[in-house]
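Chemist: My structure is below; once you've seen it, I'll send some questions.
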Amino acid sequence: MKNVLEYLEASASAFPDKTAAIDAFGACTYKTLLNRCQRVGSVLAGKIDRGAPVAVFMEKGIAALCAFWGITYAGGFYVLLNTEFPKTRLCQIQEVLQASCIITDQVHYETIRGIFPEQTILNIEVLEHGAVDTKKLKEIRKHMIDTDPLYANFTSGSTGVPKGVVVSHRSVIDFIDVFSGVFEFNSTDIFANQAPFDFDVSVKDLYTAMKTGGTLVIVPKYLFSQPTKLLDFLCHHRVTVMIWAVSALCLITTFHGLSYKTPDTVRKILFSGEVMPIKHLNLWMHHLPDTQFVNLYGPTEITCNCTYHIIDRNRTYEKGIPIGRAFDNEHVFLLDTENKEITSPGTSGEICIRGTALALGYFRAPEQNAAAFVQNPLNSFYPEVIYRTGDLGQYNNEGDLLFCGRKDYQIKHMGHRIELEEIERTLSGLPGIERCCCVFDEAKQKLYGFYIGDAQKKDIYEQLRNLLPVYMIPGALQPVENFPLTKNGKTDRKLLLERRHM
């Protein structure tokens with residue numbers, strides 16, 4: 001197998017009349033979805049070069065899937081432009097991408113035309129009315145190989161310019177085949193998609209559903225501000241699998257949603273993106289006693305995830321939930337500051353990964369590639385690229401990997417090197433605190449602790465003095481009603497700090 005479209009084609013052959021996807025506007029069978037994608041691909045085939053990027057500007061939904069896989073049929077790779085991004089951000093991405101055309105729908109046509117008046121804008125409704133050219137599509141497929149790019153997701157860059165992480169067919173196939181096998185997903189599963197389509201968590205939803213012949217239910221974005229309606233939605237669709245960001249799961253438990261209704265058809269919940277607060281995990285496990293919970297870890301650059309830990313209900317996880325062990329065909333290891341491998345428990349080092357699942361690299365960003373995708377320092381015999389995550393980890397006595405924070409979340413305060421995650425873990429264990437986040441103001445050299453809950457500041461300080469060295473206790477504590485989120489569903493630490501100054 002060398003092309004992800006083989007997932008869709010196999011499922012359309014095995015389950016032609018089964019519902020492949022459901023969005024806010026309706027449902028689509030596998031047979032219909034395949035036909036719509038092939039129509040788009042046939043029209044695009046004469047408009048884009050093989051291996052070229054094509055931007056997609058629309059809300060997540062079935063039409064976006066048709067654009068993605070139509071582009072794939074035409075031999076290109078897709079990049080979703082988030083409709084919530086400001087014009088400046090979209091222009092930054094396009095400046096890097098230089099896509100020859102942008103696909104949109106009628107709803108967003110005028111908006112994107114206003115931002116890129118000189119750009120070729122194609123309407124998905126028009127593309128889907130083209131005829132399928134089987135001969136042309138076969139010819140394109142014949143010349144494609146598994147290392148051709150499939151998609152690019154843009155992440156924030158330290159230089160202020162977004163970085164486009166380009167991922168190949170081979171990397172997705174390598175990961176999804178293992179991922180779907182480990183967790184035994186099958187054609188009876190109904191996957192509730194929470195993540196935006198420009199965030200790689202969604203890759204697991206899309207391609208696991210297509211590989212197994214399951215049903216992809218695309219959860220409308222507005223429901224994530226209405227927990228009770230969100231739970232009604234999950235129950236109505238009898239969802240069986242939730243592969244969600246931690247913040248999305250915590251949204252439900254923070255507002256006591258599970259006391260309103262429990263989605264008892266869910267058999268597996270897999271979470272990633274941030275450290276899962278134990279209190280929230282325990283609430284989910286209490287309401288879903290037979291459900292399997294899994295902690296996933298991995299940056300965009302290694303195609304979704306590289307390690308996993310299946311939650312043991314008999315453990316307390318006082319030292320935090322491990323990120324676990326590597327998926328098959330991925331080598332995850334630690335390097336110290338001298339590029340020596342760390343194998344003993346309790347010693348922190350940078351998490352590094354090698355294997356087929358590595359991304360192709362950053363699009364048109366040679367300097368960033370040179371810094372992150374590097375020669376394996378443990379191998380001096382032949383070229384071998386590894387990815388340096390910038391994340392810190394250490395092994396516990398059982399051989400599981402523990403996440404110890406980001407290199408850039410490691411601060412130096414009052415002469416001491418401090419991991420913000422360690423403070424957060426201590427804070428989150430205190431009574432009256434639902435969630436917490438610590439942010440360091442470099443300019444003022446001041447440590448702030450933000451929290452959701454009814455705990456009183458004086459009580460928090462009294463307890464922290466018994467749990468942490470004085471230099472690790474936040475200089476200021478501030479209760480908040482909620483944590484602002486980035487587009488990928490992670491806590492926006494920068495915005496939290498800005499709110500502190502308001």
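Residue numbering restarts at 1 in every chain; chains get A, B, ... in the order shown in the structure tokens, and ligands count up from 1 in that same order.
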What parts of region 269-358 of chain A does DSSP call alpha helix (DSSP H)? I'd like the answer as a ChimeraX atom specification.
Modeler: /A:278-287
Chemist: Excluding same-chain residues fewer than 4 positions from Phe191 (chain A), what lies within 8 Å of it counting only C-alpha atoms, as a list in words?
Modeler: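 Contacts, with the query itself left out: Asp205, Ala209, Gly214, Thr215, Leu216, Val217, Val239, Thr240, Val241, Met242 and Ile243 of chain A.
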Chemist: Keeping C-alpha atoms for every residue in the selection just given, could you write it to a file as a CSV table (one decimal), in the first residue's frame?
Modeler:
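Output contents, as saved in out-v7.csv:
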chain,number,residue,atom,x,y,z
A,205,ASP,CA,-10.2,10.5,13.3
A,209,ALA,CA,-12.4,5.8,10.3
A,214,GLY,CA,-16.2,3.1,10.6
A,215,THR,CA,-18.4,6.2,10.7
A,216,LEU,CA,-16.9,9.7,11.2
A,217,VAL,CA,-19.2,12.1,13.1
A,239,VAL,CA,-20.4,7.5,19.6
A,240,THR,CA,-18.0,4.7,20.5
A,241,VAL,CA,-14.6,6.5,20.1
A,242,MET,CA,-13.4,9.9,21.3
A,243,ILE,CA,-9.9,10.9,20.3
Chemist: Could you tell me which of A:Val246, A:Val201, A:Ile302, A:Leu34 comes closest to His280 (chain A) if we count only C-alpha atoms?
Modeler: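 Selected residue with least distance to His280 (chain A): A:Val246.
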Chemist: Give the strand (DSSP E) residues of region 166-371 of chain A, as assigned by DSSP on the backbone, as a ChimeraX atom specification.
Modeler: /A:166-168,190-193,215-218,241-245,268-272,292-297,307-310,325-326,330-335,341-342,349-355,361-362
Chemist: Rounded to one decimal, what separation in Å do you get between CA of Phe116 (chain A) and CA of Ile93 (chain A)?
Modeler: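 Taking CA of Phe116 (chain A) and CA of Ile93 (chain A), their separation equals 12.1 Å.
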Chemist: Compare A:Ala12, A:Val166, A:Leu150, A:Leu97 by their minimum atom-to-atom distance to Gly76 (chain A), counting only C-alpha atoms, and give me the closest one.
Modeler: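 Closest to Gly76 (chain A) of all the choices is A:Leu150.
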Chemist: So which residues touch region 287-300 of chain A within 9 Å, counting only C-alpha atoms, skipping near sequence neighbours fewer than 3 positions away, as a VMD selection string?
Modeler: chain A and resid 153 155 165 167 199 to 201 258 to 259 262 to 276 281 to 284 303 to 312 321 to 324 359 389 403
Chemist: Put those residues in a file: N, CA and C atoms, as a short mmCIF file (atom, residue, chain, number, x, y, z; two decimals), in the first residue's frame.
Modeler:
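out16.cif, written as the output of this step:
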data_model
loop_
_atom_site.label_atom_id
_atom_site.label_comp_id
_atom_site.auth_asym_id
_atom_site.auth_seq_id
_atom_site.Cartn_x
_atom_site.Cartn_y
_atom_site.Cartn_z
N ASN A 153 0.37 20.78 7.96
CA ASN A 153 -0.27 21.53 9.04
C ASN A 153 0.68 22.63 9.49
N THR A 155 2.11 25.23 12.13
CA THR A 155 2.22 25.47 13.56
C THR A 155 2.94 26.78 13.78
N VAL A 165 4.34 21.83 8.57
CA VAL A 165 4.85 20.48 8.74
C VAL A 165 4.26 19.60 7.64
N VAL A 167 3.67 16.11 5.76
CA VAL A 167 3.60 14.68 6.12
C VAL A 167 3.26 13.86 4.87
N PHE A 199 -5.37 20.52 12.61
CA PHE A 199 -4.67 20.03 13.80
C PHE A 199 -4.54 18.52 13.64
N ASP A 200 -3.36 17.98 13.88
CA ASP A 200 -3.13 16.58 13.50
C ASP A 200 -3.87 15.56 14.35
N VAL A 201 -4.52 15.97 15.44
CA VAL A 201 -5.38 15.04 16.16
C VAL A 201 -6.49 14.54 15.24
N LEU A 258 -21.10 15.51 32.98
CA LEU A 258 -21.38 14.08 33.11
C LEU A 258 -22.45 13.79 34.14
N SER A 259 -22.73 14.76 35.01
CA SER A 259 -23.83 14.60 35.96
C SER A 259 -25.17 14.78 35.24
N THR A 262 -24.45 10.82 30.56
CA THR A 262 -23.23 10.06 30.30
C THR A 262 -23.31 9.40 28.92
N PRO A 263 -22.32 9.63 28.06
CA PRO A 263 -22.32 8.97 26.74
C PRO A 263 -21.86 7.52 26.88
N ASP A 264 -22.78 6.65 27.35
CA ASP A 264 -22.38 5.31 27.78
C ASP A 264 -22.09 4.34 26.64
N THR A 265 -22.22 4.79 25.38
CA THR A 265 -21.82 3.92 24.27
C THR A 265 -20.33 4.03 23.98
N VAL A 266 -19.66 5.02 24.58
CA VAL A 266 -18.24 5.25 24.32
C VAL A 266 -17.41 4.13 24.95
N ARG A 267 -16.63 3.44 24.14
CA ARG A 267 -15.82 2.33 24.66
C ARG A 267 -14.35 2.68 24.77
N LYS A 268 -13.93 3.75 24.08
CA LYS A 268 -12.52 4.17 24.16
C LYS A 268 -12.43 5.69 24.11
N ILE A 269 -11.63 6.24 25.04
CA ILE A 269 -11.33 7.67 25.02
C ILE A 269 -9.82 7.82 25.03
N LEU A 270 -9.29 8.47 24.01
CA LEU A 270 -7.86 8.69 23.88
C LEU A 270 -7.61 10.19 23.90
N PHE A 271 -6.68 10.63 24.73
CA PHE A 271 -6.47 12.06 24.90
C PHE A 271 -5.00 12.43 24.73
N SER A 272 -4.78 13.69 24.36
CA SER A 272 -3.42 14.16 24.10
C SER A 272 -3.40 15.68 24.10
N GLY A 273 -2.22 16.25 23.90
CA GLY A 273 -2.08 17.69 23.76
C GLY A 273 -1.57 18.39 24.99
N GLU A 274 -2.03 17.96 26.16
CA GLU A 274 -1.62 18.53 27.44
C GLU A 274 -1.64 17.44 28.49
N VAL A 275 -1.14 17.76 29.66
CA VAL A 275 -1.19 16.82 30.78
C VAL A 275 -2.63 16.74 31.28
N MET A 276 -3.15 15.53 31.35
CA MET A 276 -4.52 15.34 31.82
C MET A 276 -4.58 15.47 33.34
N LEU A 281 -9.73 13.11 34.91
CA LEU A 281 -9.67 11.74 34.43
C LEU A 281 -10.51 10.83 35.34
N ASN A 282 -10.40 11.03 36.65
CA ASN A 282 -11.15 10.20 37.59
C ASN A 282 -12.66 10.38 37.42
N LEU A 283 -13.08 11.61 37.12
CA LEU A 283 -14.50 11.84 36.89
C LEU A 283 -15.00 11.08 35.66
N TRP A 284 -14.24 11.14 34.59
CA TRP A 284 -14.60 10.40 33.38
C TRP A 284 -14.64 8.90 33.65
N THR A 303 3.94 12.68 12.96
CA THR A 303 2.67 12.13 12.50
C THR A 303 1.83 11.62 13.68
N CYS A 304 1.16 12.51 14.28
CA CYS A 304 0.17 12.24 15.34
C CYS A 304 0.80 11.87 16.68
N ASN A 305 1.16 10.62 16.87
CA ASN A 305 1.65 10.17 18.18
C ASN A 305 2.76 9.14 18.03
N CYS A 306 3.64 9.11 19.01
CA CYS A 306 4.72 8.11 18.99
C CYS A 306 4.70 7.22 20.22
N THR A 307 4.01 7.63 21.30
CA THR A 307 3.91 6.79 22.50
C THR A 307 2.48 6.77 23.00
N TYR A 308 2.18 5.77 23.82
CA TYR A 308 0.85 5.67 24.43
C TYR A 308 0.95 4.96 25.77
N HIS A 309 0.00 5.28 26.64
CA HIS A 309 -0.11 4.60 27.93
C HIS A 309 -1.58 4.32 28.20
N ILE A 310 -1.92 3.06 28.35
CA ILE A 310 -3.29 2.67 28.67
C ILE A 310 -3.48 2.81 30.18
N ILE A 311 -4.49 3.60 30.56
CA ILE A 311 -4.70 3.91 31.98
C ILE A 311 -5.06 2.65 32.76
N ASP A 312 -4.36 2.48 33.88
CA ASP A 312 -4.63 1.39 34.81
C ASP A 312 -5.50 1.94 35.93
N ILE A 321 0.70 10.93 34.94
CA ILE A 321 0.40 9.85 34.01
C ILE A 321 1.56 9.70 33.02
N PRO A 322 2.12 8.52 32.88
CA PRO A 322 3.21 8.34 31.89
C PRO A 322 2.71 8.57 30.48
N ILE A 323 3.60 9.00 29.61
CA ILE A 323 3.26 9.02 28.18
C ILE A 323 3.55 7.64 27.58
N GLY A 324 4.15 6.79 28.39
CA GLY A 324 4.17 5.37 28.06
C GLY A 324 5.32 4.87 27.23
N ALA A 359 7.77 13.26 9.87
CA ALA A 359 7.33 14.13 8.78
C ALA A 359 8.47 14.32 7.78
N THR A 389 12.38 16.81 19.64
CA THR A 389 11.07 17.39 19.96
C THR A 389 11.15 18.69 20.75
N PHE A 403 6.57 12.51 30.77
CA PHE A 403 6.75 13.84 30.17
C PHE A 403 7.14 14.82 31.27
#
Chemist: Would you please work out which residue, of A:Pro117, A:Pro366, A:Pro479, A:Gly213, is nearest to Leu496 (chain A) when using only C-alpha atoms?
Modeler: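 Looking only at the distances to Leu496 (chain A), the closest residue turns out to be A:Pro479.
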Chemist: Please identify all polymer residues within 8 Å of region 327-344 of chain A, counting only C-alpha atoms, omitting same-chain residues fewer than 3 positions from it, and present them as a VMD selection string.
Modeler: chain A and resid 178 to 179 306 to 308 347 to 357 377 to 378 393 to 395
Chemist: Okay, now the selection with C-alpha atoms, as a PDB file, in the first residue's frame?
Modeler:
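File produced: result-v1.pdb:
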ATOM      1  CA  VAL A 178      -0.385   0.368  13.909  1.00  0.00           C
ATOM      2  CA  PHE A 179      -2.740   2.739  15.754  1.00  0.00           C
ATOM      3  CA  CYS A 306       4.718   8.109  18.991  1.00  0.00           C
ATOM      4  CA  THR A 307       3.912   6.790  22.495  1.00  0.00           C
ATOM      5  CA  TYR A 308       0.855   5.668  24.430  1.00  0.00           C
ATOM      6  CA  THR A 347      17.321  11.315  34.584  1.00  0.00           C
ATOM      7  CA  SER A 348      15.771  13.898  32.266  1.00  0.00           C
ATOM      8  CA  GLY A 349      16.703  14.358  28.643  1.00  0.00           C
ATOM      9  CA  GLU A 350      15.281  15.569  25.339  1.00  0.00           C
ATOM     10  CA  ILE A 351      12.747  13.248  23.723  1.00  0.00           C
ATOM     11  CA  CYS A 352      13.884  12.256  20.228  1.00  0.00           C
ATOM     12  CA  ILE A 353      12.235  10.024  17.624  1.00  0.00           C
ATOM     13  CA  ARG A 354      13.344   8.087  14.583  1.00  0.00           C
ATOM     14  CA  GLY A 355      11.283   5.994  12.192  1.00  0.00           C
ATOM     15  CA  THR A 356       9.019   5.959   9.162  1.00  0.00           C
ATOM     16  CA  ALA A 357       6.390   8.152  10.834  1.00  0.00           C
ATOM     17  CA  PRO A 377      24.102  11.522  16.904  1.00  0.00           C
ATOM     18  CA  LEU A 378      24.110   7.877  18.004  1.00  0.00           C
ATOM     19  CA  GLY A 393      11.265  13.241  29.485  1.00  0.00           C
ATOM     20  CA  GLN A 394      12.581  10.614  31.864  1.00  0.00           C
ATOM     21  CA  TYR A 395      11.975   6.924  32.526  1.00  0.00           C
TER      22      TYR A 395
END
Chemist: Near region 54-70 of chain A, within 8 Å and counting only C-alpha atoms, which residues show up once chain neighbours fewer than 6 positions away are dropped, as an MDAnalysis selection string?
Modeler: chainID A and resid 5 21:24 28 33 36:42 44 76:83 99:105 108 112 124 196:197 218
